[in-house]
2 protein chains.
Amino acid sequence: MDRPTMEDVAARAGVSRALVSLVMRGSPKVSEHRRAAVLRAADELGYAPHAMARSLASRTSHFLGVMVSDLHNAFWAEIVDGLDACARDLGFELVINTGGRRPARERQALASLLSFRPAGIALLGPVVPATAIAGAAMQAPLVLVSRSSRLSSVDTVNDNGQTGSGLAVDHLVSLGHKDIVHIDGGGGSQAAPRRTGYLAAMRRHGLAPSVVGSEYTDTAGAKAVRELLDARGHHLPTAIVAANDFNAIGAISALEEAGLRVPADVSVVGYDNTSLAALRHVSLTTVDQPRTEMGRLAAEALIQRVRGERTDPVRHLLRPSLVVRATTGPPLRNF
Amino acid sequence: MDRPTMEDVAARAGVSRALVSLVMRGSPKVSEHRRAAVLRAADELGYAPHAMARSLASRTSHFLGVMVSDLHNAFWAEIVDGLDACARDLGFELVINTGGRRPARERQALASLLSFRPAGIALLGPVVPATAIAGAAMQAPLVLVSRSSRLSSVDTVNDNGQTGSGLAVDHLVSLGHKDIVHIDGGGGSQAAPRRTGYLAAMRRHGLAPSVVGSEYTDTAGAKAVRELLDARGHHLPTAIVAANDFNAIGAISALEEAGLRVPADVSVVGYDNTSLAALRHVSLTTVDQPRTEMGRLAAEALIQRVRGERTDPVRHLLRPSLVVRATTGPPLRNF
DNA sequence: CTACTTTGTTGGAGCGCTCCAATCCTGGTC
DNA sequence: GACCAGGATTGGAGCGCTCCAACAAAGTAG
């Protein structure tokens with residue numbers, strides 16, 4: 001398992017170690033003759049550069065550290081796709097980590113990422129305190145996805161949750177709904193703007209808003225609906241704007257268990273357009289965040305900073321869009 | 001962004017660089033007095049060790065490279081959980097990568113992981129050719145999850161797909177089903193043993209097997225059912241053993257669209273027990289792989305090799321279990 | 001034919017750390 | 001008070017690489 005070094009390659013090719021280094025970095029100032037010899041020697045020896053030694057010596061690195069808050073949620077996978085595509089185009093690799101949405105573990109994960117001295121750091125939906133982010137931002141260029149910050153040293157990429165819930169409400173109103181309830185995401189990330197957007201849209205349409213507290217899980221969604229059923233009796237709303245897709249699916253289950261049909265009796269809109277929503281069995285009307293684009297913008301922002309092309313912070317606020325599927329329709333009853 | 005080095009800490013604490021190194025590595029042979037001084041200096045300077053320099057100098061590393069074939073599939077997230085928990089216990093960190101199920105990209109991802117000289121490598125459901133795996137195994141201890149290998153230098157962790165499908169068939173037979181169809185996963189990983197297990201179980205029960213070719217997606221599952229409907233007309237099977245959960249959900253949608261009820265008309269069993277299956281709206285009877293355990297065993301096997309405690313390959317073949325939910329029941333009709 | 005570029009190549013220093021042999025202290029012992 | 005064992009501390013070499021100044025070789029111009 002003792003892998004060959006540049007020295008070995010150099011010896012075999014009959015050149016100096018520095019020349020091998022030049023070849024490995026694709027320098028143009030190497031004669032074709034020598035380049036071929038070095039490449040052949042490297043190949044014969046099974047030589048592959050040592051990334052650590054390289055970045056130690058050059059005091060730069062060509063990879064970005066990415067901390068994904070939750071590997072279980074495929075939502076982040078598409079952000080990573082965008083991040084990866086863009087980073088790759090610009091000559092960077094991705095090194096991923098996770099903190100499992102637990103602040104203490106995320107802190108460790110962040111420290112571990114930092115200990116590799118990446119060119120930059122992307123935090124996807126982190127739950128660590130702002131001070132930890134500020135600390136990390138002092139060590140490397142940093143971009144935040146799905147979380148905002150006022151620090152001038154960090155860039156952020158978010159979708160406009162306010163606009164998103166607005167789209168959901170507008171859609172329902174245009175179908176003829178008037179009694180629309182919002183099941184909210186509690187303290188979850190982005191729950192606040194979604195709630196605000198719902199309230200603003202209802203006000204804009206001259207309708208009375210109604211918010212039920214909940215969380216980003218399907219069981220919480222089901223629970224919220226059951227509470228709604230208990231509280232409102234037969235005066236159920238005709239439509240629900242759920243906190244996110246999981247929550248929406250829980251809500252739908254509870255509605256169906258109560259003998260109500262979706263969308264005939266109650267229309268439901270989710271948020272996030274997870275792969276779940278697209279399943280034909282679910283076919284959820286939902287708000288889509290341009291995830292790949294978000295990842296791409298995050299990588300771009302990060303690399304601009306890495307290259308020193310920009311020092312002012314960038315705040316991307318992307319426009320979500322509505323994906324209409326089978327869980328919304330005109331209200332068929334009038335309680 | 002010029003971070004402090006050991007030299008800086010040493011200067012501030014009034015000791016030598018070597019002593020700082022000892023403190024950082026938690027050596028017992030440092031006086032409490034000095035240790036405290038070093039720690040304080042490090043804290044004041046915001047010093048954090050440079051993982052690369054450390055592993056370059058020590059020629060060992062304390063992290064494991066993990067290539068996840070597909071970040072979109074939460075299945076792997078739980079394997080990573082197990083891997084992470086065990087690795088952490090034994091003093092290792094995880095560095096994650098992905099190749100998006102594309103052989104070329106996975107190759108790159110593997111090379112990139114290797115270039116960091118990790119202590120070991122875990123490949124989760126890789127689709128790269130066996131030769132690439134053999135090559136990687138020469139560079140670092142390697143464990144394969146959800147993929148088998150005959151190489152004596154690599155360890156493997158798999159669930160017993162054959163047993164798994166057998167459990168599904170047994171369950172259905174015990175409910176009274178006789179006409180049980182298997183929708184298979186085509187060339188997908190683990191599709192073959194699942195098919196074999198189905199065939200063996202049907203034979204064991206003296207029933208006639210019937211396999212429909214398909215893939216690991218919900219649209220493929222739906223398509224397979226529609227083909228079944230077309231081909232069999234009113235002679236539909238009373239139960240289906242699907243390739244995996246996604247496939248099962250597609251199958252259920254297609255059945256429902258055709259006016260059939262699940263499980264009243266047709267029972268459906270999935271495979272993998274993804275978080276999807278547990279959603280109350282889905283509530284799919286499925287075969288569970290002990291994922292966390294698989295991750296744990298993978299980490300354990302890897303670290304044993306890293307430590308040189310073992311050179312013989314280990315082949316873990318875990319016993320899956322059946323999770324009965326709402327998509328299976330006794331057959332209510334006799335076509 | 002000498003002086004000056006240009007192009008290709010090289011040795012050496014050094015990145016931040018670990019590891020080892022050598023050194024420096026203590027306190028205990030006779 | 002000299003001696004020693006043992007622990008605590010240190011300088012130096014070196015990990016595999018990059019970078020730079022220096023240099024050799026081959027043109028190019030005067």
# chains A, B, ... in the order shown; residues from 1 in each chain; ligands from 1
$ residues_around --residues "DC4 in chain C" --least-positions-apart "2" --cutoff "10 Å" --atoms "only C-alpha atoms (C1' of nucleotides)" --output "mmCIF file with C-alpha atoms (C1' of nucleotides), in the first residue's frame"
data_model
loop_
_atom_site.group_PDB
_atom_site.id
_atom_site.type_symbol
_atom_site.label_atom_id
_atom_site.label_comp_id
_atom_site.auth_asym_id
_atom_site.auth_seq_id
_atom_site.Cartn_x
_atom_site.Cartn_y
_atom_site.Cartn_z
ATOM 1 C "C1'" DT C 2 29.101 37.946 -29.031
ATOM 2 C "C1'" DT C 6 13.219 32.597 -25.079
ATOM 3 C "C1'" DT D 28 17.615 35.611 -32.678
ATOM 4 C "C1'" DA D 29 19.514 39.807 -33.474
ATOM 5 C "C1'" DG D 30 23.330 43.153 -33.929
#
$ closest_atom_pairs --of "chain C" --to "chain A" --cutoff "9 Å" --atoms "only C-alpha atoms (C1' of nucleotides)" --output "CSV"
residue,atom,partner,partner_atom,distance
C:DT7,C1',A:Lys29,CA,7.6
C:DG8,C1',A:Val30,CA,6.4
C:DT9,C1',A:Leu19,CA,7.0
C:DT10,C1',A:Ser16,CA,6.5
C:DG11,C1',A:Ser16,CA,8.9
C:DG14,C1',A:Ala57,CA,8.0
C:DC15,C1',A:Ala57,CA,4.5
C:DG16,C1',A:Leu56,CA,7.6
$ write_last_selection --atoms "C-alpha atoms (C1' of nucleotides)" --output "PDB file, in the first residue's frame"
ATOM      1  C1'  DT C   7      12.067  28.045 -23.776  1.00  0.00           C
ATOM      2  C1'  DG C   8      12.713  24.094 -20.895  1.00  0.00           C
ATOM      3  C1'  DT C   9      14.511  22.207 -16.790  1.00  0.00           C
ATOM      4  C1'  DT C  10      16.277  21.898 -12.128  1.00  0.00           C
ATOM      5  C1'  DG C  11      17.696  22.109  -7.056  1.00  0.00           C
ATOM      6  C1'  DG C  14       9.344  25.499   2.770  1.00  0.00           C
ATOM      7  C1'  DC C  15       4.001  24.357   3.554  1.00  0.00           C
ATOM      8  C1'  DG C  16       2.233  22.626   8.922  1.00  0.00           C
TER       9       DG C  16
END
$ select_by_dssp --residues "range 15-253 of chain A" --states "strand (DSSP E or B)" --output "VMD selection string"
chain A and resid 63 to 68 93 to 98 120 to 124 142 to 145 154 to 159 180 to 183 211 to 212 239 to 241
$ select_by_dssp --residues "range 144-308 of chain A" --states "alpha helix (DSSP H)" --output "ChimeraX atom specification"
/A:161-175,191-204,218-232,245-257,275-278,291-306
$ interface_residues --of "chain D" --to "chain A" --cutoff "8 Å" --atoms "only C-alpha atoms (C1' of nucleotides)" --output "list in words"
DG16, DC17, DT18 and DC19 of chain D
$ interface_residues --of "chain B" --to "chain A" --cutoff "9 Å" --atoms "only C-alpha atoms" --output "MDAnalysis selection string"
chainID B and resid 1:3 48:53 55:56 70:78 80:81 93:98 100 109 111:117 138:140 218:219 222 246 249:250 252:254 256 275:276 279:282
$ residues_around --residues "DA21 in chain C" --least-positions-apart "5" --cutoff "12 Å" --atoms "only C-alpha atoms (C1' of nucleotides)" --output "ChimeraX atom specification"
/D:10-13
$ write_last_selection --atoms "C-alpha atoms (C1' of nucleotides)" --output "JSON list (two decimals), in the first residue's frame"
[["chain", "number", "residue", "atom", "x", "y", "z"],
["D", 10, "DT", "C1'", 13.04, 20.08, 22.55],
["D", 11, "DG", "C1'", 15.44, 20.55, 17.85],
["D", 12, "DG", "C1'", 15.81, 18.43, 13.62],
["D", 13, "DA", "C1'", 14.58, 15.55, 9.85]]
$ residues_around --residues "DC4 in chain D" --least-positions-apart "4" --cutoff "12 Å" --atoms "only C-alpha atoms (C1' of nucleotides)" --output "number ranges by chain"
C: 26-30
$ atom_distance --atom1 "CA of Arg147 in chain B" --atom2 "CA of Gly82 in chain A"
27.7 Å
$ atom_distance --atom1 "C1' of DC23 in chain D" --atom2 "CA of Thr60 in chain A"
28.4 Å
$ residues_around --residues "Val173 in chain B" --least-positions-apart "3" --cutoff "12 Å" --atoms "only C-alpha atoms (C1' of nucleotides)" --output "PyMOL selection string"
chain B and resi 166-170+176-180+198+201-207+238-241+267+328-331
$ residues_around --residues "DC25 in chain C" --least-positions-apart "4" --cutoff "10 Å" --atoms "only C-alpha atoms (C1' of nucleotides)" --output "list in words"
DG7, DA8 and DT9 of chain D
$ atom_distance --atom1 "CA of Met294 in chain A" --atom2 "CA of Val127 in chain B"
27.8 Å
$ decode --residues "range 121-199 of chain A" --atoms "C-alpha atoms" --output "PDB file, in the first residue's frame"
ATOM      1  CA  ILE A 121     -17.622  26.088   2.531  1.00  0.00           C
ATOM      2  CA  ALA A 122     -21.285  25.651   1.681  1.00  0.00           C
ATOM      3  CA  LEU A 123     -23.755  25.033   4.462  1.00  0.00           C
ATOM      4  CA  LEU A 124     -27.042  23.542   3.344  1.00  0.00           C
ATOM      5  CA  GLY A 125     -29.797  24.277   5.807  1.00  0.00           C
ATOM      6  CA  PRO A 126     -27.538  24.389   8.862  1.00  0.00           C
ATOM      7  CA  VAL A 127     -29.039  24.535  12.344  1.00  0.00           C
ATOM      8  CA  VAL A 128     -25.889  25.736  14.117  1.00  0.00           C
ATOM      9  CA  PRO A 129     -26.040  29.079  15.901  1.00  0.00           C
ATOM     10  CA  ALA A 130     -25.162  32.192  13.951  1.00  0.00           C
ATOM     11  CA  THR A 131     -21.988  32.640  15.956  1.00  0.00           C
ATOM     12  CA  ALA A 132     -20.647  29.326  14.673  1.00  0.00           C
ATOM     13  CA  ILE A 133     -21.337  30.486  11.140  1.00  0.00           C
ATOM     14  CA  ALA A 134     -19.586  33.758  11.767  1.00  0.00           C
ATOM     15  CA  GLY A 135     -16.601  31.879  13.147  1.00  0.00           C
ATOM     16  CA  ALA A 136     -16.423  29.589  10.153  1.00  0.00           C
ATOM     17  CA  ALA A 137     -16.782  32.505   7.760  1.00  0.00           C
ATOM     18  CA  MET A 138     -13.554  33.909   9.136  1.00  0.00           C
ATOM     19  CA  GLN A 139     -11.690  30.789   8.126  1.00  0.00           C
ATOM     20  CA  ALA A 140     -12.961  30.308   4.596  1.00  0.00           C
ATOM     21  CA  PRO A 141     -15.355  31.833   2.103  1.00  0.00           C
ATOM     22  CA  LEU A 142     -18.810  30.639   3.064  1.00  0.00           C
ATOM     23  CA  VAL A 143     -22.196  30.403   1.427  1.00  0.00           C
ATOM     24  CA  LEU A 144     -25.451  29.618   3.150  1.00  0.00           C
ATOM     25  CA  VAL A 145     -28.305  27.813   1.437  1.00  0.00           C
ATOM     26  CA  SER A 146     -31.806  27.904   2.911  1.00  0.00           C
ATOM     27  CA  ARG A 147     -30.764  30.093   5.732  1.00  0.00           C
ATOM     28  CA  SER A 148     -30.234  33.771   5.917  1.00  0.00           C
ATOM     29  CA  SER A 149     -27.550  35.835   7.551  1.00  0.00           C
ATOM     30  CA  ARG A 150     -26.696  39.467   7.905  1.00  0.00           C
ATOM     31  CA  LEU A 151     -22.946  38.894   7.881  1.00  0.00           C
ATOM     32  CA  SER A 152     -21.272  40.779   5.091  1.00  0.00           C
ATOM     33  CA  SER A 153     -18.736  37.994   4.746  1.00  0.00           C
ATOM     34  CA  VAL A 154     -21.247  35.332   3.778  1.00  0.00           C
ATOM     35  CA  ASP A 155     -23.390  34.892   0.704  1.00  0.00           C
ATOM     36  CA  THR A 156     -26.849  33.399   0.879  1.00  0.00           C
ATOM     37  CA  VAL A 157     -29.134  31.533  -1.483  1.00  0.00           C
ATOM     38  CA  ASN A 158     -32.778  31.139  -0.591  1.00  0.00           C
ATOM     39  CA  ASP A 159     -36.089  30.774  -2.267  1.00  0.00           C
ATOM     40  CA  ASN A 160     -38.636  33.421  -1.591  1.00  0.00           C
ATOM     41  CA  GLY A 161     -40.931  31.551   0.761  1.00  0.00           C
ATOM     42  CA  GLN A 162     -43.225  34.519   0.936  1.00  0.00           C
ATOM     43  CA  THR A 163     -43.803  34.505  -2.798  1.00  0.00           C
ATOM     44  CA  GLY A 164     -44.171  30.733  -2.692  1.00  0.00           C
ATOM     45  CA  SER A 165     -47.040  30.645  -0.221  1.00  0.00           C
ATOM     46  CA  GLY A 166     -48.539  33.560  -2.104  1.00  0.00           C
ATOM     47  CA  LEU A 167     -48.589  31.455  -5.267  1.00  0.00           C
ATOM     48  CA  ALA A 168     -50.333  28.661  -3.406  1.00  0.00           C
ATOM     49  CA  VAL A 169     -52.998  30.993  -2.053  1.00  0.00           C
ATOM     50  CA  ASP A 170     -53.485  32.696  -5.428  1.00  0.00           C
ATOM     51  CA  HIS A 171     -53.964  29.328  -7.087  1.00  0.00           C
ATOM     52  CA  LEU A 172     -56.574  28.267  -4.541  1.00  0.00           C
ATOM     53  CA  VAL A 173     -58.394  31.584  -4.732  1.00  0.00           C
ATOM     54  CA  SER A 174     -58.506  31.377  -8.504  1.00  0.00           C
ATOM     55  CA  LEU A 175     -60.148  27.973  -8.118  1.00  0.00           C
ATOM     56  CA  GLY A 176     -62.808  29.614  -6.003  1.00  0.00           C
ATOM     57  CA  HIS A 177     -61.606  28.862  -2.479  1.00  0.00           C
ATOM     58  CA  LYS A 178     -62.236  31.343   0.286  1.00  0.00           C
ATOM     59  CA  ASP A 179     -61.716  29.375   3.473  1.00  0.00           C
ATOM     60  CA  ILE A 180     -58.021  28.547   3.283  1.00  0.00           C
ATOM     61  CA  VAL A 181     -56.026  27.380   6.297  1.00  0.00           C
ATOM     62  CA  HIS A 182     -52.245  27.402   6.669  1.00  0.00           C
ATOM     63  CA  ILE A 183     -50.602  24.576   8.585  1.00  0.00           C
ATOM     64  CA  ASP A 184     -47.267  26.086   9.489  1.00  0.00           C
ATOM     65  CA  GLY A 185     -43.792  24.704  10.013  1.00  0.00           C
ATOM     66  CA  GLY A 186     -43.299  26.030  13.527  1.00  0.00           C
ATOM     67  CA  GLY A 187     -39.703  26.968  14.118  1.00  0.00           C
ATOM     68  CA  GLY A 188     -38.472  25.061  11.071  1.00  0.00           C
ATOM     69  CA  SER A 189     -36.234  26.779   8.572  1.00  0.00           C
ATOM     70  CA  GLN A 190     -38.168  29.013   6.193  1.00  0.00           C
ATOM     71  CA  ALA A 191     -41.403  28.494   8.125  1.00  0.00           C
ATOM     72  CA  ALA A 192     -41.669  32.166   9.007  1.00  0.00           C
ATOM     73  CA  PRO A 193     -41.553  33.621   5.467  1.00  0.00           C
ATOM     74  CA  ARG A 194     -44.015  31.001   4.282  1.00  0.00           C
ATOM     75  CA  ARG A 195     -46.423  32.011   7.005  1.00  0.00           C
ATOM     76  CA  THR A 196     -45.930  35.687   6.270  1.00  0.00           C
ATOM     77  CA  GLY A 197     -46.552  35.083   2.588  1.00  0.00           C
ATOM     78  CA  TYR A 198     -49.752  33.234   3.364  1.00  0.00           C
ATOM     79  CA  LEU A 199     -51.001  36.022   5.603  1.00  0.00           C
TER      80      LEU A 199
END
